[in-house]
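Structure file structure_2.cif with mmCIF, C-alpha atoms:
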```
data_data
loop_
_atom_site.label_atom_id
_atom_site.label_comp_id
_atom_site.auth_asym_id
_atom_site.auth_seq_id
_atom_site.Cartn_x
_atom_site.Cartn_y
_atom_site.Cartn_z
CA MET U 1 112.50 56.04 82.64
CA PRO U 2 112.36 59.28 84.63
CA ARG U 3 113.25 62.37 82.73
CA GLY U 4 116.94 63.35 83.24
CA GLY U 5 118.26 59.79 83.76
CA VAL U 6 118.13 57.09 86.38
CA ASN U 7 119.97 59.07 89.04
CA ALA U 8 118.04 62.29 88.53
CA PRO U 9 116.89 63.77 91.87
CA VAL U 10 113.23 63.38 92.67
CA PRO U 11 111.59 66.76 93.30
CA VAL U 12 110.42 67.18 96.89
CA ALA U 13 107.24 69.08 97.65
CA PRO U 14 107.86 72.10 99.86
CA GLU U 15 106.70 71.81 103.44
CA ALA U 16 103.32 73.30 104.16
CA ILE U 17 103.57 76.62 105.92
CA PRO U 18 101.18 76.73 108.87
CA ALA U 19 98.56 79.43 108.90
CA VAL U 20 99.64 82.41 110.95
CA ASP U 21 97.43 85.03 112.48
CA PRO U 22 99.54 88.22 112.42
CA ARG U 23 97.44 89.76 115.20
CA LEU U 24 98.41 87.00 117.63
CA ILE U 25 102.08 87.17 116.66
CA VAL U 26 102.09 90.92 117.19
CA ARG U 27 100.74 90.45 120.71
CA GLN U 28 103.78 88.36 121.57
CA GLU U 29 105.93 91.48 121.20
CA GLY U 30 104.54 92.97 124.41
CA ILE U 31 103.51 96.62 124.75
CA LYS U 32 105.10 97.51 121.42
CA GLY U 33 103.08 94.77 119.76
CA TYR U 34 99.80 95.98 121.26
CA LEU U 35 100.44 99.54 120.12
CA GLY U 36 101.33 98.34 116.65
CA GLU U 37 98.19 96.24 116.47
CA PHE U 38 96.07 99.14 117.70
CA ARG U 39 97.44 101.38 114.93
CA ARG U 40 96.84 98.63 112.37
CA ARG U 41 93.22 98.17 113.48
CA LEU U 42 92.56 101.91 113.29
CA SER U 43 94.14 102.23 109.85
CA SER U 44 92.15 99.26 108.52
CA GLY U 45 88.82 100.41 109.99
CA GLU U 46 88.54 97.66 112.62
CA LEU U 47 87.27 99.89 115.39
CA GLY U 48 85.29 97.25 117.28
CA SER U 49 83.57 98.55 120.43
CA LEU U 50 86.01 101.44 120.92
CA PRO U 51 83.73 104.25 119.59
CA VAL U 52 80.73 103.25 121.70
CA VAL U 53 82.84 102.79 124.86
CA LEU U 54 84.35 106.25 124.39
CA ALA U 55 80.89 107.69 123.70
CA LEU U 56 79.53 106.10 126.89
CA ILE U 57 82.39 107.54 128.94
CA VAL U 58 81.78 111.01 127.49
CA ILE U 59 78.02 110.79 128.11
CA TRP U 60 78.47 109.74 131.73
CA ALA U 61 81.12 112.41 132.27
CA VAL U 62 78.92 115.16 130.85
CA PHE U 63 75.72 114.25 132.70
CA GLY U 64 77.68 113.45 135.87
CA SER U 65 79.20 116.93 135.82
CA LEU U 66 75.79 118.53 135.25
CA ASP U 67 74.10 116.61 138.06
CA SER U 68 75.88 114.34 140.53
CA SER U 69 72.73 112.24 140.98
CA PHE U 70 73.22 110.82 137.48
CA LEU U 71 76.15 108.67 138.62
CA SER U 72 74.50 107.72 141.90
CA ALA U 73 74.04 104.04 142.69
CA GLN U 74 70.26 104.48 142.63
CA ASN U 75 70.14 106.00 139.15
CA LEU U 76 72.61 103.51 137.65
CA SER U 77 70.75 100.59 139.24
CA ASN U 78 67.44 101.84 137.87
CA LEU U 79 69.10 102.33 134.50
CA SER U 80 70.28 98.71 134.48
CA GLN U 81 66.64 97.60 134.81
CA GLN U 82 65.14 100.10 132.41
CA ILE U 83 67.36 99.09 129.48
CA VAL U 84 66.42 95.41 129.67
CA GLY U 85 63.25 95.57 127.55
CA THR U 86 64.81 97.59 124.73
CA GLY U 87 68.05 95.63 125.04
CA MET U 88 66.28 92.29 124.58
CA ILE U 89 64.67 93.55 121.39
CA ALA U 90 68.03 94.93 120.23
CA ILE U 91 69.60 91.45 120.56
CA GLY U 92 67.14 90.16 117.98
CA VAL U 93 67.81 93.15 115.75
CA VAL U 94 71.54 92.29 115.87
CA PHE U 95 70.80 88.91 114.28
CA VAL U 96 68.87 90.50 111.41
CA LEU U 97 71.47 93.20 110.86
CA LEU U 98 74.16 90.52 110.59
CA LEU U 99 72.36 89.40 107.42
CA GLY U 100 72.45 92.96 106.12
CA GLU U 101 68.65 93.21 106.50
CA ILE U 102 66.27 95.14 108.73
CA ASP U 103 63.16 94.31 110.77
CA LEU U 104 60.74 97.21 111.20
CA SER U 105 58.10 95.14 112.99
CA VAL U 106 59.86 94.45 116.30
CA GLY U 107 58.01 97.24 118.11
CA SER U 108 54.56 95.98 117.06
CA VAL U 109 55.54 92.36 117.72
CA SER U 110 56.65 93.24 121.25
CA GLY U 111 53.32 94.98 121.91
CA LEU U 112 51.31 92.10 120.40
CA CYS U 113 53.04 89.46 122.53
CA ALA U 114 52.67 91.55 125.69
CA ALA U 115 48.95 91.90 124.89
CA LEU U 116 48.62 88.14 124.35
CA TYR U 117 50.17 87.42 127.71
CA ALA U 118 48.13 90.05 129.59
CA VAL U 119 44.78 89.09 128.05
CA LEU U 120 45.30 85.36 128.57
CA GLU U 121 46.64 85.67 132.13
CA VAL U 122 44.43 88.49 133.46
CA THR U 123 41.26 88.50 131.39
CA HIS U 124 40.83 84.78 130.72
CA GLY U 125 42.56 83.39 133.80
CA VAL U 126 44.93 81.13 131.87
CA ASN U 127 47.85 79.71 133.83
CA GLN U 128 50.60 82.35 133.79
CA TRP U 129 53.24 79.90 132.54
CA VAL U 130 50.98 78.83 129.67
CA ALA U 131 50.27 82.49 128.85
CA LEU U 132 54.01 83.21 128.88
CA LEU U 133 54.69 80.27 126.55
CA VAL U 134 51.92 81.35 124.17
CA ALA U 135 53.37 84.87 123.99
CA LEU U 136 56.88 83.58 123.19
CA VAL U 137 55.62 81.05 120.64
CA GLY U 138 53.50 83.80 119.11
CA GLY U 139 56.62 85.89 118.60
CA ALA U 140 58.45 82.97 117.00
CA VAL U 141 55.52 82.28 114.64
CA VAL U 142 55.37 85.93 113.59
CA GLY U 143 59.06 85.83 112.69
CA LEU U 144 58.54 82.54 110.86
CA ILE U 145 55.77 84.04 108.72
CA GLN U 146 57.79 87.14 107.87
CA GLY U 147 60.88 85.04 107.18
CA VAL U 148 58.98 82.82 104.73
CA PHE U 149 57.73 85.83 102.78
CA PHE U 150 61.28 87.18 102.65
CA ALA U 151 63.26 83.99 102.02
CA LYS U 152 60.80 81.93 99.96
CA VAL U 153 58.52 84.45 98.22
CA GLY U 154 61.27 87.00 97.66
CA VAL U 155 59.56 90.07 99.13
CA PRO U 156 62.20 92.53 100.44
CA ALA U 157 62.60 92.39 104.21
CA PHE U 158 61.96 96.13 104.44
CA VAL U 159 58.52 95.73 102.82
CA VAL U 160 57.58 92.55 104.71
CA THR U 161 58.40 93.97 108.12
CA LEU U 162 56.92 97.38 107.33
CA ALA U 163 53.65 95.63 106.51
CA GLY U 164 54.09 93.59 109.67
CA ASN U 165 54.57 96.77 111.69
CA LEU U 166 51.07 97.82 110.64
CA GLY U 167 49.42 94.41 110.64
CA TRP U 168 50.69 93.17 114.02
CA ASN U 169 49.80 96.51 115.60
CA GLY U 170 46.24 96.08 114.32
CA LEU U 171 46.12 92.54 115.70
CA MET U 172 47.33 93.83 119.06
CA LEU U 173 44.43 96.31 119.18
CA GLN U 174 42.05 93.49 118.31
CA VAL U 175 43.46 91.28 121.08
CA LEU U 176 43.19 94.05 123.69
CA GLY U 177 39.54 94.63 122.84
CA ALA U 178 37.35 97.60 123.62
CA THR U 179 39.03 98.49 126.91
CA GLY U 180 42.39 98.98 125.23
CA THR U 181 44.35 98.41 128.44
CA VAL U 182 44.95 95.34 130.60
CA ASN U 183 46.68 95.89 133.93
CA LEU U 184 49.01 93.24 135.31
CA SER U 185 48.54 92.08 138.88
CA GLY U 186 52.15 92.71 139.90
CA THR U 187 52.42 89.21 141.33
CA ASP U 188 52.48 87.34 138.01
CA ILE U 189 55.61 85.64 136.72
CA VAL U 190 56.57 88.38 134.25
CA SER U 191 56.21 91.14 136.83
CA ARG U 192 58.30 89.17 139.31
CA LEU U 193 61.02 88.53 136.74
CA TYR U 194 61.31 92.28 136.24
CA SER U 195 60.88 93.58 139.79
CA THR U 196 62.83 90.98 141.79
CA ILE U 197 66.10 92.30 143.21
CA TYR U 198 68.56 90.13 145.14
CA GLY U 199 69.60 92.25 148.10
CA GLN U 200 72.34 89.96 149.40
CA GLU U 201 75.74 91.31 148.43
CA ILE U 202 76.94 87.83 147.51
CA ALA U 203 74.43 87.76 144.63
CA ALA U 204 76.06 90.61 142.71
CA TYR U 205 79.63 89.72 143.65
CA GLY U 206 79.00 86.02 142.97
CA THR U 207 77.58 86.80 139.54
CA ALA U 208 80.63 88.93 138.75
CA ALA U 209 82.96 86.13 139.90
CA ILE U 210 81.10 83.51 137.86
CA GLY U 211 81.23 85.73 134.78
CA VAL U 212 84.98 86.24 135.09
CA ALA U 213 85.52 82.52 135.76
CA LEU U 214 83.51 81.55 132.67
CA PHE U 215 85.57 83.94 130.59
CA VAL U 216 88.81 82.42 131.85
CA VAL U 217 87.61 78.87 131.24
CA ALA U 218 86.41 79.70 127.72
CA SER U 219 89.71 81.43 126.93
CA LEU U 220 91.77 78.49 128.23
CA VAL U 221 89.69 76.01 126.24
CA ASP U 222 90.12 78.11 123.10
CA THR U 223 93.88 78.32 123.72
CA ARG U 224 94.14 74.56 124.17
CA ARG U 225 92.20 73.91 120.96
CA ARG U 226 94.39 76.30 119.02
CA ARG U 227 97.57 74.83 120.45
CA ALA U 228 96.41 71.29 119.60
CA ALA U 229 95.59 72.40 116.06
CA GLY U 230 99.01 74.02 115.66
CA VAL U 231 97.67 77.52 115.05
CA PRO U 232 98.63 80.73 116.90
CA TYR U 233 96.94 81.33 120.25
CA ARG U 234 96.71 84.23 122.65
CA PRO U 235 99.75 84.56 124.94
CA THR U 236 99.29 84.30 128.70
CA THR U 237 99.88 88.04 129.20
CA ASP U 238 96.99 88.77 126.84
CA LEU U 239 94.66 86.47 128.76
CA VAL U 240 95.72 87.96 132.11
CA LEU U 241 95.21 91.53 130.88
CA ARG U 242 91.74 90.78 129.50
CA THR U 243 90.75 88.96 132.67
CA VAL U 244 91.89 91.84 134.89
CA LEU U 245 89.98 94.40 132.82
CA LEU U 246 86.82 92.27 132.83
CA ALA U 247 87.13 91.71 136.59
CA ILE U 248 87.46 95.45 137.24
CA VAL U 249 84.33 96.24 135.22
CA ALA U 250 82.30 93.33 136.65
CA PHE U 251 83.13 93.92 140.31
CA LEU U 252 82.76 97.69 139.99
CA ALA U 253 79.27 97.13 138.56
CA ALA U 254 78.49 94.68 141.38
CA TYR U 255 79.72 97.18 143.98
CA THR U 256 77.54 99.93 142.49
CA LEU U 257 74.43 97.72 142.47
CA ASN U 258 75.04 96.70 146.09
CA GLN U 259 75.19 100.35 147.12
CA TYR U 260 71.48 100.63 146.28
CA LYS U 261 69.27 97.52 146.48
CA GLY U 262 71.34 94.75 144.93
CA LEU U 263 71.31 92.70 141.75
CA PRO U 264 68.15 93.04 139.61
CA LEU U 265 66.96 89.68 138.26
CA ALA U 266 65.99 91.36 134.98
CA LEU U 267 69.59 92.46 134.41
CA LEU U 268 70.85 88.96 135.19
CA ILE U 269 68.42 87.43 132.66
CA PHE U 270 69.52 90.01 130.09
CA LEU U 271 73.18 89.09 130.58
CA ILE U 272 72.37 85.37 130.32
CA PHE U 273 70.62 85.93 126.98
CA ILE U 274 73.62 87.93 125.73
CA VAL U 275 76.15 85.27 126.75
CA VAL U 276 74.16 82.32 125.41
CA LEU U 277 73.37 83.93 122.05
CA ASP U 278 76.95 85.22 121.78
CA PHE U 279 78.06 81.58 122.15
CA VAL U 280 75.58 80.60 119.42
CA LEU U 281 76.93 83.23 117.05
CA ARG U 282 80.65 82.76 117.68
CA ARG U 283 81.02 79.10 118.67
CA THR U 284 78.50 77.14 116.58
CA SER U 285 78.25 76.26 112.90
CA TYR U 286 74.88 78.02 112.80
CA GLY U 287 76.46 81.29 113.94
CA ARG U 288 79.24 80.98 111.39
CA GLN U 289 76.63 80.49 108.70
CA VAL U 290 74.84 83.66 109.79
CA PHE U 291 78.08 85.66 109.52
CA ALA U 292 78.92 84.01 106.18
CA LEU U 293 75.51 84.88 104.77
CA GLY U 294 75.84 88.49 105.86
CA GLY U 295 79.36 88.76 104.49
CA ASN U 296 78.78 87.24 101.04
CA ILE U 297 75.44 85.66 100.21
CA GLU U 298 76.56 84.18 96.90
CA GLY U 299 79.69 82.70 98.46
CA ALA U 300 77.56 81.25 101.28
CA ARG U 301 75.18 79.67 98.79
CA ARG U 302 78.03 78.10 96.84
CA ALA U 303 79.49 76.78 100.10
CA GLY U 304 76.33 74.74 100.59
CA ILE U 305 74.64 76.87 103.24
CA ASN U 306 70.85 76.65 103.28
CA VAL U 307 70.23 80.35 102.73
CA SER U 308 66.44 80.18 103.09
CA TRP U 309 66.62 78.29 106.39
CA ILE U 310 69.13 80.72 107.89
CA ARG U 311 67.07 83.73 106.86
CA ILE U 312 63.81 82.29 108.22
CA SER U 313 65.41 81.22 111.50
CA VAL U 314 67.06 84.60 112.02
CA PHE U 315 63.77 86.47 111.58
CA SER U 316 62.11 84.00 113.96
CA ILE U 317 64.84 84.63 116.57
CA CYS U 318 64.41 88.37 116.13
CA SER U 319 60.65 88.24 116.71
CA THR U 320 61.06 85.90 119.68
CA MET U 321 63.47 88.36 121.29
CA ALA U 322 60.96 91.14 120.51
CA ALA U 323 58.39 89.11 122.46
CA VAL U 324 60.77 88.76 125.42
CA GLY U 325 61.49 92.49 125.35
CA GLY U 326 57.81 93.31 125.10
CA LEU U 327 57.02 91.24 128.18
CA PHE U 328 59.69 93.05 130.22
CA LEU U 329 58.43 96.42 129.00
CA ALA U 330 54.88 95.47 130.01
CA ALA U 331 56.14 94.44 133.44
CA GLN U 332 57.97 97.76 133.74
CA ILE U 333 54.76 99.78 133.39
CA GLN U 334 52.52 97.00 134.83
CA SER U 335 50.18 96.92 131.84
CA ALA U 336 49.66 96.16 128.17
CA SER U 337 47.86 98.90 126.29
CA GLN U 338 47.23 100.36 122.84
CA THR U 339 50.53 102.26 123.10
CA SER U 340 52.58 99.11 123.78
CA GLY U 341 55.35 98.74 121.22
CA GLY U 342 54.76 102.24 119.93
CA GLY U 343 56.48 105.58 120.34
CA ASN U 344 60.20 105.51 119.75
CA LEU U 345 60.68 101.87 120.81
CA LEU U 346 61.42 100.64 117.27
CA MET U 347 64.01 103.31 116.64
CA ASN U 348 65.59 102.85 120.06
CA ALA U 349 65.98 99.09 119.51
CA ILE U 350 67.56 99.54 116.08
CA ALA U 351 69.67 102.44 117.34
CA ALA U 352 70.91 100.35 120.27
CA ALA U 353 72.10 97.58 117.94
CA VAL U 354 73.79 99.99 115.52
CA ILE U 355 75.28 102.31 118.14
CA GLY U 356 76.63 99.25 119.95
CA GLY U 357 78.76 98.38 116.92
CA THR U 358 76.67 96.13 114.67
CA SER U 359 77.11 97.04 111.01
CA LEU U 360 74.13 97.99 108.88
CA PHE U 361 75.92 96.37 105.94
CA GLY U 362 75.89 92.89 107.46
CA GLY U 363 78.55 90.42 108.53
CA ARG U 364 79.88 92.35 111.55
CA GLY U 365 78.47 92.60 115.05
CA LYS U 366 77.85 90.74 118.29
CA THR U 367 75.16 90.40 120.93
CA TRP U 368 77.16 92.57 123.33
CA SER U 369 76.33 95.43 120.94
CA ALA U 370 72.81 95.35 122.35
CA LEU U 371 74.10 95.95 125.89
CA LEU U 372 76.47 98.76 124.93
CA GLY U 373 73.95 100.45 122.64
CA ALA U 374 71.12 100.15 125.15
CA LEU U 375 73.39 101.69 127.79
CA VAL U 376 74.11 104.65 125.51
CA ILE U 377 70.45 105.20 124.63
CA GLY U 378 69.30 104.69 128.21
CA SER U 379 72.00 106.96 129.61
CA ILE U 380 71.06 109.77 127.24
CA GLN U 381 67.39 109.49 128.13
CA SER U 382 68.10 109.23 131.87
CA GLY U 383 70.44 112.20 131.83
CA MET U 384 68.04 114.37 129.86
CA ASN U 385 65.15 113.41 132.14
CA ILE U 386 67.20 114.47 135.15
CA GLU U 387 67.96 117.77 133.41
CA GLY U 388 64.27 118.21 132.59
CA LEU U 389 64.72 118.38 128.82
CA SER U 390 61.67 117.91 126.61
CA ASN U 391 60.95 114.83 124.49
CA ALA U 392 61.63 116.90 121.39
CA ILE U 393 65.21 117.55 122.49
CA GLN U 394 65.63 113.90 123.47
CA PHE U 395 64.50 112.71 120.04
CA MET U 396 66.88 115.10 118.26
CA ILE U 397 69.87 114.12 120.38
CA THR U 398 69.14 110.39 120.06
CA GLY U 399 68.78 110.81 116.30
CA ALA U 400 72.09 112.64 116.13
CA VAL U 401 73.83 109.86 118.08
CA LEU U 402 72.34 107.25 115.74
CA LEU U 403 73.49 109.19 112.70
CA ALA U 404 76.98 109.50 114.18
CA ALA U 405 77.08 105.72 114.72
CA VAL U 406 76.07 105.05 111.12
CA VAL U 407 78.66 107.54 109.84
CA VAL U 408 81.36 105.77 111.86
CA ASP U 409 80.17 102.43 110.49
CA SER U 410 80.22 103.73 106.91
CA LEU U 411 83.68 105.26 107.26
CA ALA U 412 85.00 102.08 108.87
CA ARG U 413 83.63 99.98 106.02
CA ARG U 414 85.16 102.34 103.44
CA THR U 415 88.51 102.11 105.22
CA GLN U 416 88.27 98.32 105.31
CA LYS U 417 87.62 98.22 101.58
CA ALA U 418 90.62 100.43 100.95
CA ALA U 419 92.71 98.08 103.09
CA GLY U 420 91.34 95.04 101.26
CA ARG U 421 89.55 93.65 104.32
CA ALA U 422 85.91 94.03 103.25
#
```

Would you put the structure from the file into structure tokens?
Amino acid sequence: MPRGGVNAPVPVAPEAIPAVDPRLIVRQEGIKGYLGEFRRRLSSGELGSLPVVLALIVIWAVFGSLDSSFLSAQNLSNLSQQIVGTGMIAIGVVFVLLLGEIDLSVGSVSGLCAALYAVLEVTHGVNQWVALLVALVGGAVVGLIQGVFFAKVGVPAFVVTLAGNLGWNGLMLQVLGATGTVNLSGTDIVSRLYSTIYGQEIAAYGTAAIGVALFVVASLVDTRRRRAAGVPYRPTTDLVLRTVLLAIVAFLAAYTLNQYKGLPLALLIFLIFIVVLDFVLRRTSYGRQVFALGGNIEGARRAGINVSWIRISVFSICSTMAAVGGLFLAAQIQSASQTSGGGNLLMNAIAAAVIGGTSLFGGRGKTWSALLGALVIGSIQSGMNIEGLSNAIQFMITGAVLLAAVVVDSLARRTQKAAGRA
């Protein structure tokens, strides 16, 4: 007999309260809600891309005031091409930083893969597509080897990639041989990918329109999925505002490019890599595992994530992107030489990822960081070149910007911990 008698009421389980995202509810309050959310994000250290966007505006304003040619269509168009090589490498660095690790070999790997392509295609007469494939596979294999030493053997990533920085540079010198320099023909596939510019205005404007359309479609699909699942979704006003802002930036960029020569193919390829890998990180189970591993490795392991596989694959992706970047850099100077992958390339690639908003502590970042960071680094170098400043001054200023980005990242993380969000 039930406790309390035959007619005792049967306890009823309380109804489940659906999960609520306070950020989406706040947005439904209109302008007041947006301001409140903005204050909340600042107080909790969720700065996002705001610091780098403000920094880019300041940099362009300063150099534009010093010399009007800095903001000319010609200089900005050239800048959009020049950042592609470093930006490609920075995309790979973003993946490694999301794990809370570092790869110090990307510069040497980029030089090695550029040398492989140049020697095979120019010196040995191998089909250019085969040479390109060998260079990309070579980058992936390098990352695989380093990832195995890190994930399986247990050697710290810093040590593995530092050794790789030396070892792959030595292999590059061996591949180049006694001459030390191999000049590209200028008509090969890599050179054409870098130098091709679509002069028709529809190319730039069409790309901008497609980008905005893809954003709208992705946002509508996400809203429909959220609505079907019964969880909060972005209100229509939010979607309209984001679309308008994106359209302004995209079509303004297209207009600027059309004022000079048109849309560079290299920039288009760069944007495609960013969008595709951003989808991988944010919309696939693999990407969620990368973020989970960077946020809490022990929690990820207990959740059943194959930690070793994720680590190895991430380092392989990083080295493959270093190979892509190295090929574009070789096409930019029309050669592969003993200096390929050297100089300040390594620091610029890492700086671009960090300045763009990727955390050095892991678990926070996106592929768009590579674009924003590369724009900052490239803008500083372009502006200082126009002003005729020495390399010494450029190195010091770039180092100061990198330090400022790390300080902002550290302060944001400390604020997040204080707010219980890290």

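The spacing separating CA of Ala247 (chain U) from CA of Ala204 (chain U) amounts to 12.7 Å.
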
Atom-to-atom span, CA of Ile197 (chain U) and CA of Ser65 (chain U), Å: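 A separation of 28.9 Å between them.
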
Neighbour list for region 77-79 of chain U as a list of chain:residue names, cut-off 10 Å, only C-alpha atoms, skip fewer than 3 positions in-chain: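 Once the nearby chain positions are removed, what remains is U:Phe70, U:Leu71, U:Ser72, U:Ala73, U:Gln74, U:Gln82, U:Ile83, U:Val84, U:Ala253, U:Ala254, U:Thr256, U:Leu257, U:Asn258, U:Gln259, U:Tyr260, U:Lys261, U:Gly262, U:Leu263, U:Pro264, U:Leu267, U:Ala374, U:Leu375, U:Gly378, U:Ser379, U:Gln381, U:Ser382.
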
Exercise: region 139-147 of chain U partners within 9 Å, all atoms listed in the file, chain neighbours under 4 positions left out, as a PyMOL selection string: chain U and resi 109-110+112-113+134-135+151-152+157+160-161+164+168+308-309+311-324

Length of the CA of Val216 (chain U) to CA of Thr237 (chain U) vector [Å]: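 Those two atoms sit 12.7 Å apart.
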